[in-house]
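Dropping coords.pdb in here (PDB, C-alpha atoms and all ligand atoms):
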MODEL        1
ATOM      1  CA  MET A   1       0.000   0.000   0.000
ATOM      2  CA  ALA A   2       1.322   3.473  -0.885
ATOM      3  CA  ASP A   3       2.466   5.619   1.992
ATOM      4  CA  THR A   4      -0.002   8.506   2.017
ATOM      5  CA  ALA A   5       0.746   9.888   5.485
ATOM      6  CA  PRO A   6       1.318  13.658   5.205
ATOM      7  CA  PRO A   7       4.796  14.884   6.176
ATOM      8  CA  VAL A   8       4.918  16.082   9.758
ATOM      9  CA  LEU A   9       5.108  19.829  10.244
ATOM     10  CA  GLU A  10       7.883  20.874  12.567
ATOM     11  CA  ASP A  11       6.784  22.061  16.033
ATOM     12  CA  GLU A  12       6.821  25.818  16.320
ATOM     13  CA  PRO A  13      10.272  26.856  17.608
ATOM     14  CA  ALA A  14      10.364  29.044  20.715
ATOM     15  CA  ALA A  15      11.982  31.840  18.698
ATOM     16  CA  ALA A  16       8.776  32.274  16.659
ATOM     17  CA  ALA A  17       6.848  34.088  19.378
ATOM     18  CA  GLN A  18       9.931  36.210  20.085
ATOM     19  CA  LEU A  19      10.379  37.226  16.429
ATOM     20  CA  PHE A  20       6.699  37.864  15.617
ATOM     21  CA  GLY A  21       5.508  39.289  18.941
ATOM     22  CA  ASP A  22       1.809  40.148  18.759
ATOM     23  CA  ARG A  23       1.763  39.106  15.059
ATOM     24  CA  ILE A  24       2.373  35.453  15.943
ATOM     25  CA  GLU A  25      -1.190  34.333  15.166
ATOM     26  CA  LEU A  26      -0.874  35.665  11.613
ATOM     27  CA  ALA A  27       2.505  33.942  11.275
ATOM     28  CA  ARG A  28       0.927  30.682  12.441
ATOM     29  CA  SER A  29      -1.953  31.132  10.009
ATOM     30  CA  PHE A  30       0.389  31.724   7.046
ATOM     31  CA  THR A  31       2.652  28.821   8.012
ATOM     32  CA  ALA A  32      -0.316  26.460   8.318
ATOM     33  CA  SER A  33      -1.682  27.589   4.946
ATOM     34  CA  LEU A  34       1.702  27.133   3.248
ATOM     35  CA  ALA A  35       2.070  23.707   4.859
ATOM     36  CA  ALA A  36      -1.400  22.697   3.649
ATOM     37  CA  LYS A  37      -1.218  24.024   0.079
ATOM     38  CA  GLY A  38       2.424  24.795  -0.722
ATOM     39  CA  GLU A  39       3.373  21.452  -2.181
ATOM     40  CA  LEU A  40       0.253  21.130  -4.318
ATOM     41  CA  LEU A  41       0.820  24.631  -5.712
ATOM     42  CA  GLY A  42       4.496  23.883  -6.407
ATOM     43  CA  LEU A  43       5.667  26.506  -3.900
ATOM     44  CA  ILE A  44       7.668  24.234  -1.617
ATOM     45  CA  GLY A  45       8.992  20.704  -1.846
ATOM     46  CA  PRO A  46       7.622  17.974   0.446
ATOM     47  CA  ARG A  47      10.980  17.707   2.181
ATOM     48  CA  GLU A  48      10.685  21.326   3.320
ATOM     49  CA  LEU A  49       7.661  20.721   5.554
ATOM     50  CA  PRO A  50       9.595  19.288   8.511
ATOM     51  CA  GLN A  51      11.716  22.446   8.502
ATOM     52  CA  LEU A  52       9.140  24.996   7.355
ATOM     53  CA  TRP A  53       9.276  27.095  10.502
ATOM     54  CA  SER A  54      13.019  27.152  11.142
ATOM     55  CA  ARG A  55      14.463  27.108   7.637
ATOM     56  CA  HIS A  56      11.892  29.277   5.872
ATOM     57  CA  ILE A  57       9.516  31.274   8.078
ATOM     58  CA  LEU A  58      11.917  32.243  10.871
ATOM     59  CA  ASN A  59      14.850  32.523   8.496
ATOM     60  CA  SER A  60      12.808  35.134   6.592
ATOM     61  CA  ALA A  61      11.620  36.896   9.762
ATOM     62  CA  LEU A  62      15.212  37.538  10.833
ATOM     63  CA  LEU A  63      15.306  40.452   8.379
ATOM     64  CA  ALA A  64      12.370  42.208  10.042
ATOM     65  CA  PRO A  65      14.384  44.443  12.410
ATOM     66  CA  LEU A  66      16.424  45.771   9.445
ATOM     67  CA  LEU A  67      13.447  47.124   7.485
ATOM     68  CA  GLU A  68      12.220  50.657   7.049
ATOM     69  CA  GLY A  69       9.960  52.590   4.704
ATOM     70  CA  ARG A  70       8.818  51.132   1.396
ATOM     71  CA  VAL A  71      10.378  47.770   0.716
ATOM     72  CA  GLY A  72      10.309  45.570  -2.388
ATOM     73  CA  ASP A  73      10.893  41.820  -2.310
ATOM     74  CA  VAL A  74      12.169  40.479  -5.645
ATOM     75  CA  GLY A  75      11.202  36.887  -6.518
ATOM     76  CA  SER A  76       8.878  36.337  -3.529
ATOM     77  CA  GLY A  77       7.762  32.871  -4.651
ATOM     78  CA  ALA A  78       5.788  31.410  -1.752
ATOM     79  CA  GLY A  79       6.156  34.702   0.165
ATOM     80  CA  LEU A  80       9.714  34.310   1.417
ATOM     81  CA  PRO A  81      10.845  36.594   2.780
ATOM     82  CA  GLY A  82       8.394  39.315   1.636
ATOM     83  CA  LEU A  83       5.057  38.106   2.957
ATOM     84  CA  VAL A  84       6.588  36.886   6.213
ATOM     85  CA  LEU A  85       8.145  40.341   6.645
ATOM     86  CA  ALA A  86       4.833  42.069   5.943
ATOM     87  CA  ILE A  87       3.334  39.977   8.738
ATOM     88  CA  ALA A  88       6.165  40.790  11.139
ATOM     89  CA  ARG A  89       6.320  44.522  10.299
ATOM     90  CA  PRO A  90       2.861  46.065   9.746
ATOM     91  CA  ASP A  91       4.496  49.520   9.897
ATOM     92  CA  VAL A  92       6.494  48.815   6.710
ATOM     93  CA  HIS A  93       4.986  48.615   3.196
ATOM     94  CA  LEU A  94       6.030  45.572   1.155
ATOM     95  CA  THR A  95       5.721  45.158  -2.614
ATOM     96  CA  LEU A  96       6.083  41.516  -3.629
ATOM     97  CA  ILE A  97       7.576  41.372  -7.147
ATOM     98  CA  GLU A  98       7.120  37.966  -8.734
ATOM     99  CA  PRO A  99       6.636  37.057 -12.417
ATOM    100  CA  MET A 100       4.858  33.686 -12.114
ATOM    101  CA  GLU A 101       1.068  33.971 -12.162
ATOM    102  CA  ARG A 102       0.507  30.863 -10.043
ATOM    103  CA  ARG A 103       2.699  32.411  -7.353
ATOM    104  CA  THR A 104       1.179  35.902  -7.506
ATOM    105  CA  ASP A 105      -2.290  34.310  -7.276
ATOM    106  CA  TRP A 106      -1.165  32.517  -4.120
ATOM    107  CA  LEU A 107       0.414  35.653  -2.656
ATOM    108  CA  GLN A 108      -2.656  37.809  -3.339
ATOM    109  CA  ALA A 109      -4.994  35.156  -1.936
ATOM    110  CA  GLU A 110      -2.952  34.979   1.271
ATOM    111  CA  VAL A 111      -2.806  38.781   1.576
ATOM    112  CA  ASP A 112      -6.609  38.923   1.189
ATOM    113  CA  ARG A 113      -7.251  35.977   3.521
ATOM    114  CA  MET A 114      -5.135  37.517   6.296
ATOM    115  CA  GLY A 115      -6.459  41.033   5.677
ATOM    116  CA  LEU A 116      -2.991  42.571   5.352
ATOM    117  CA  ASP A 117      -3.150  46.199   4.255
ATOM    118  CA  ASN A 118       0.600  46.838   3.989
ATOM    119  CA  VAL A 119       1.295  44.605   0.973
ATOM    120  CA  ALA A 120       1.013  45.011  -2.800
ATOM    121  CA  VAL A 121       1.550  42.064  -5.136
ATOM    122  CA  LEU A 122       3.081  42.930  -8.502
ATOM    123  CA  ARG A 123       3.279  40.356 -11.257
ATOM    124  CA  ALA A 124       6.487  41.352 -13.039
ATOM    125  CA  ARG A 125      10.111  40.557 -13.544
ATOM    126  CA  ALA A 126      12.229  42.969 -11.519
ATOM    127  CA  GLU A 127      13.889  44.353 -14.652
ATOM    128  CA  GLU A 128      10.471  45.164 -16.155
ATOM    129  CA  VAL A 129       9.100  47.194 -13.240
ATOM    130  CA  PRO A 130       8.270  50.638 -14.676
ATOM    131  CA  GLY A 131      10.903  53.193 -13.676
ATOM    132  CA  SER A 132       8.400  55.965 -13.152
ATOM    133  CA  GLY A 133       5.137  55.831 -11.270
ATOM    134  CA  ALA A 134       3.954  55.298  -7.740
ATOM    135  CA  LEU A 135       6.114  52.257  -6.979
ATOM    136  CA  LEU A 136       9.703  53.381  -7.557
ATOM    137  CA  PRO A 137      12.087  54.187  -6.106
ATOM    138  CA  LEU A 138      11.910  51.954  -3.050
ATOM    139  CA  ASP A 139      13.790  52.498   0.205
ATOM    140  CA  GLN A 140      14.967  48.907   0.398
ATOM    141  CA  VAL A 141      14.885  45.694  -1.640
ATOM    142  CA  THR A 142      15.112  42.167  -0.281
ATOM    143  CA  ALA A 143      15.621  38.890  -2.171
ATOM    144  CA  ARG A 144      16.149  35.273  -1.193
ATOM    145  CA  ALA A 145      17.209  32.363  -3.394
ATOM    146  CA  VAL A 146      16.761  34.263  -6.664
ATOM    147  CA  SER A 147      20.251  34.261  -8.244
ATOM    148  CA  ALA A 148      23.940  34.851  -7.604
ATOM    149  CA  LEU A 149      24.893  38.396  -6.571
ATOM    150  CA  ARG A 150      26.478  39.307  -9.879
ATOM    151  CA  THR A 151      23.103  38.839 -11.603
ATOM    152  CA  LEU A 152      20.946  39.782  -8.600
ATOM    153  CA  ILE A 153      22.492  43.229  -8.076
ATOM    154  CA  PRO A 154      21.567  44.472 -11.591
ATOM    155  CA  LEU A 155      17.989  43.246 -10.966
ATOM    156  CA  THR A 156      17.575  44.866  -7.552
ATOM    157  CA  ALA A 157      19.756  47.998  -7.287
ATOM    158  CA  PRO A 158      17.854  50.008  -9.974
ATOM    159  CA  LEU A 159      14.671  49.672  -7.881
ATOM    160  CA  VAL A 160      16.207  51.430  -4.859
ATOM    161  CA  ARG A 161      16.500  55.156  -4.214
ATOM    162  CA  SER A 162      19.855  56.823  -3.810
ATOM    163  CA  GLY A 163      20.960  56.071  -0.244
ATOM    164  CA  GLY A 164      18.592  53.099   0.048
ATOM    165  CA  THR A 165      19.580  49.570   0.994
ATOM    166  CA  LEU A 166      19.827  46.107  -0.538
ATOM    167  CA  LEU A 167      19.250  43.167   1.837
ATOM    168  CA  LEU A 168      20.084  40.005  -0.107
ATOM    169  CA  MET A 169      19.801  36.685   1.727
ATOM    170  CA  LYS A 170      22.652  34.368   0.857
ATOM    171  CA  GLY A 171      24.089  31.010   1.809
ATOM    172  CA  GLY A 172      27.544  30.147   3.007
ATOM    173  CA  ARG A 173      29.240  31.492  -0.132
ATOM    174  CA  ALA A 174      28.237  35.124   0.390
ATOM    175  CA  ALA A 175      31.849  36.369   0.559
ATOM    176  CA  GLU A 176      32.817  34.541  -2.669
ATOM    177  CA  GLU A 177      29.709  35.945  -4.383
ATOM    178  CA  ILE A 178      30.751  39.460  -3.360
ATOM    179  CA  ASP A 179      34.214  38.851  -4.851
ATOM    180  CA  ALA A 180      32.652  37.650  -8.106
ATOM    181  CA  ALA A 181      30.306  40.663  -8.226
ATOM    182  CA  GLN A 182      32.883  43.462  -7.956
ATOM    183  CA  LYS A 183      32.186  44.757 -11.465
ATOM    184  CA  VAL A 184      28.423  45.204 -10.886
ATOM    185  CA  ILE A 185      29.040  46.525  -7.368
ATOM    186  CA  ARG A 186      31.038  49.364  -8.953
ATOM    187  CA  LYS A 187      28.618  49.820 -11.846
ATOM    188  CA  HIS A 188      25.623  50.222  -9.509
ATOM    189  CA  ARG A 189      27.620  52.360  -7.046
ATOM    190  CA  LEU A 190      27.116  50.112  -4.053
ATOM    191  CA  GLU A 191      28.965  51.069  -0.891
ATOM    192  CA  ASP A 192      29.491  49.606   2.574
ATOM    193  CA  VAL A 193      28.914  46.091   1.238
ATOM    194  CA  GLU A 194      28.944  43.753   4.227
ATOM    195  CA  VAL A 195      27.813  40.273   5.246
ATOM    196  CA  LEU A 196      25.575  40.153   8.311
ATOM    197  CA  GLU A 197      25.147  36.899  10.157
ATOM    198  CA  LEU A 198      21.726  36.725  11.777
ATOM    199  CA  GLY A 199      19.913  34.198  13.915
ATOM    200  CA  ALA A 200      22.494  32.828  16.304
ATOM    201  CA  ASP A 201      21.165  34.891  19.233
ATOM    202  CA  ALA A 202      17.650  33.533  18.558
ATOM    203  CA  GLY A 203      19.033  29.973  18.702
ATOM    204  CA  LEU A 204      18.515  29.513  14.948
ATOM    205  CA  GLU A 205      20.795  28.269  12.206
ATOM    206  CA  PRO A 206      22.749  31.412  11.244
ATOM    207  CA  THR A 207      21.666  33.061   8.022
ATOM    208  CA  ARG A 208      23.791  35.416   5.939
ATOM    209  CA  VAL A 209      22.539  38.662   4.475
ATOM    210  CA  VAL A 210      24.506  40.867   2.127
ATOM    211  CA  ARG A 211      23.675  44.462   3.028
ATOM    212  CA  ALA A 212      24.747  47.335   0.806
ATOM    213  CA  LEU A 213      23.979  51.025   0.383
ATOM    214  CA  VAL A 214      22.944  52.048  -3.136
ATOM    215  CA  ASP A 215      24.610  55.143  -4.585
ATOM    216  CA  PRO A 216      24.713  56.992  -1.231
TER
HETATM  217  C1  LIG B 301      13.981  29.723  -6.135
HETATM  218  S1  LIG B 301      12.596  30.781  -6.066
HETATM  219  C2  LIG B 301      12.762  31.508  -4.454
HETATM  220  C3  LIG B 301      11.456  32.020  -3.941
HETATM  221  C4  LIG B 301      11.526  32.645  -2.541
HETATM  222  N1  LIG B 301      12.245  33.914  -2.571
HETATM  223  C5  LIG B 301      12.125  31.712  -1.539
HETATM  224  O1  LIG B 301      13.133  32.041  -0.916
HETATM  225  O2  LIG B 301      11.576  30.601  -1.370
HETATM  226  C6  LIG B 301      13.062  32.149  -7.139
HETATM  227  C7  LIG B 301      11.895  33.058  -7.448
HETATM  228  O3  LIG B 301      12.379  34.198  -8.160
HETATM  229  C8  LIG B 301      11.490  34.488  -9.208
HETATM  230  N2  LIG B 301      12.253  35.218 -10.226
HETATM  231  C9  LIG B 301      13.142  34.707 -11.109
HETATM  232  N3  LIG B 301      13.635  35.694 -11.891
HETATM  233  C10 LIG B 301      13.051  36.849 -11.488
HETATM  234  C11 LIG B 301      13.130  38.214 -11.924
HETATM  235  N4  LIG B 301      13.918  38.564 -12.952
HETATM  236  N5  LIG B 301      12.387  39.139 -11.275
HETATM  237  C12 LIG B 301      11.579  38.777 -10.238
HETATM  238  N6  LIG B 301      11.460  37.503  -9.803
HETATM  239  C13 LIG B 301      12.177  36.557 -10.421
HETATM  240  C14 LIG B 301      10.963  33.123  -9.647
HETATM  241  O4  LIG B 301       9.728  33.213 -10.347
HETATM  242  C15 LIG B 301      10.828  32.394  -8.318
HETATM  243  O5  LIG B 301       9.553  32.561  -7.730
ENDMDL
END
Take the structure I supplied and represent it as structure tokens, if you would.
Ligand SMILES: C[S@@+](CC[C@H](N)C(=O)[O-])C[C@H]1O[C@@H](n2cnc3c(N)ncnc32)[C@H](O)[C@@H]1O
Amino acid sequence: MADTAPPVLEDEPAAAAQLFGDRIELARSFTASLAAKGELLGLIGPRELPQLWSRHILNSALLAPLLEGRVGDVGSGAGLPGLVLAIARPDVHLTLIEPMERRTDWLQAEVDRMGLDNVAVLRARAEEVPGSGALLPLDQVTARAVSALRTLIPLTAPLVRSGGTLLLMKGGRAAEEIDAAQKVIRKHRLEDVEVLELGADAGLEPTRVVRALVDP
């Protein structure tokens, strides 16, 4: 007989309540919805469910204290980190920029279901976002698991105002990616490029974020 038992969702780590504060119920609601529908919608793999909280939701929430103003998240996919950050920081406005219709449908449905009023969902590739209009320039842009820095910087830096910030979530090779991206770092006038290591003080697997000022 085929094994049809659903994968077990990880217990909520203690750090969740600490990171989300009084927004924890919304974080639980989003996590439960992603666990229930994410695989069917092709948003997450089945092997991610046992680590959904720690590896995805809390990993995304670690950026929350760094946000200010009007923030864009490029390549939001399932809502990581953008929708998680909109939950954690209702005082910040998030624009989720994602080209795939199936994913923007999911994002908009979750925004509507949770009644979030600080999020806009934009179906677009980052390089096609109109340069003039209400959206740009943004104060900050985030991205997670979209591409290597040398291709990600040209996608994200043009969306940010002069003096704004890039917050690009990266794996263990962040320093090597910075080395390989020197040409685009100069071209887009990035300064104070640094690797932040977040999460250890919350008892989580450390996550690396490349932070840079854009044309300050
Ligand atoms: C590997 S997924 C990561 C999704 C999510 N950020 C996460 O961490 O789970 C990469 C996402 O980037 C989107 N993407 C790829 N190229 C893009 C572009 N040029 N502009 C905006 N989004 C893009 C894809 O559609 C996809 O949803």
_Using all atoms listed in the file - which residues lie no farther than 8 Å from the point (7.1, 49.2, -3.5) in the file's frame? Write them as a list of chain:residue names._
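Every residue inside that radius is included here: A:Arg70, A:Val71, A:Gly72, A:His93, A:Leu94, A:Thr95, A:Leu96, A:Ala120, A:Leu135, A:Leu136, A:Pro137, A:Leu138.
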*Tell me which residues the PyMOL selection byres (((not hetatm)) within 6 of (chain B and resi 301)) grabs here, as a VMD selection string.*
chain A and resid 74 to 78 80 97 to 100 125 to 126 144 to 146
*Given the PyMOL selection byres (((chain A and resi 20-27) around 8) and not hetatm), the residues it picks as a count of residues only*: 13
*Find, counting all atoms listed in the file, the residue in A:Ala174, A:Ala109, A:Ala15, A:Leu116 that gets nearest to Leu62 of chain A.*
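Under the stated criterion, the closest residue is A:Ala15.
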*In Å, with one decimal, what is the gap from atom CA of Glu194 of chain A to atom CA of Arg161 of chain A?*
18.9 Å
*Once the PyMOL selection byres (((chain A and resi 148-157) around 6) and not hetatm) has been applied to the shown file, what residues remain in the selection, as a VMD selection string?*
chain A and resid 126 to 127 147 158 to 160 177 181
*Mind giving me the straight-line distance from atom CA of Arg211 of chain A to atom CA of Glu110 of chain A in Å, one decimal?*
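Pair atom CA of Arg211 of chain A / atom CA of Glu110 of chain A returns 28.3 Å.
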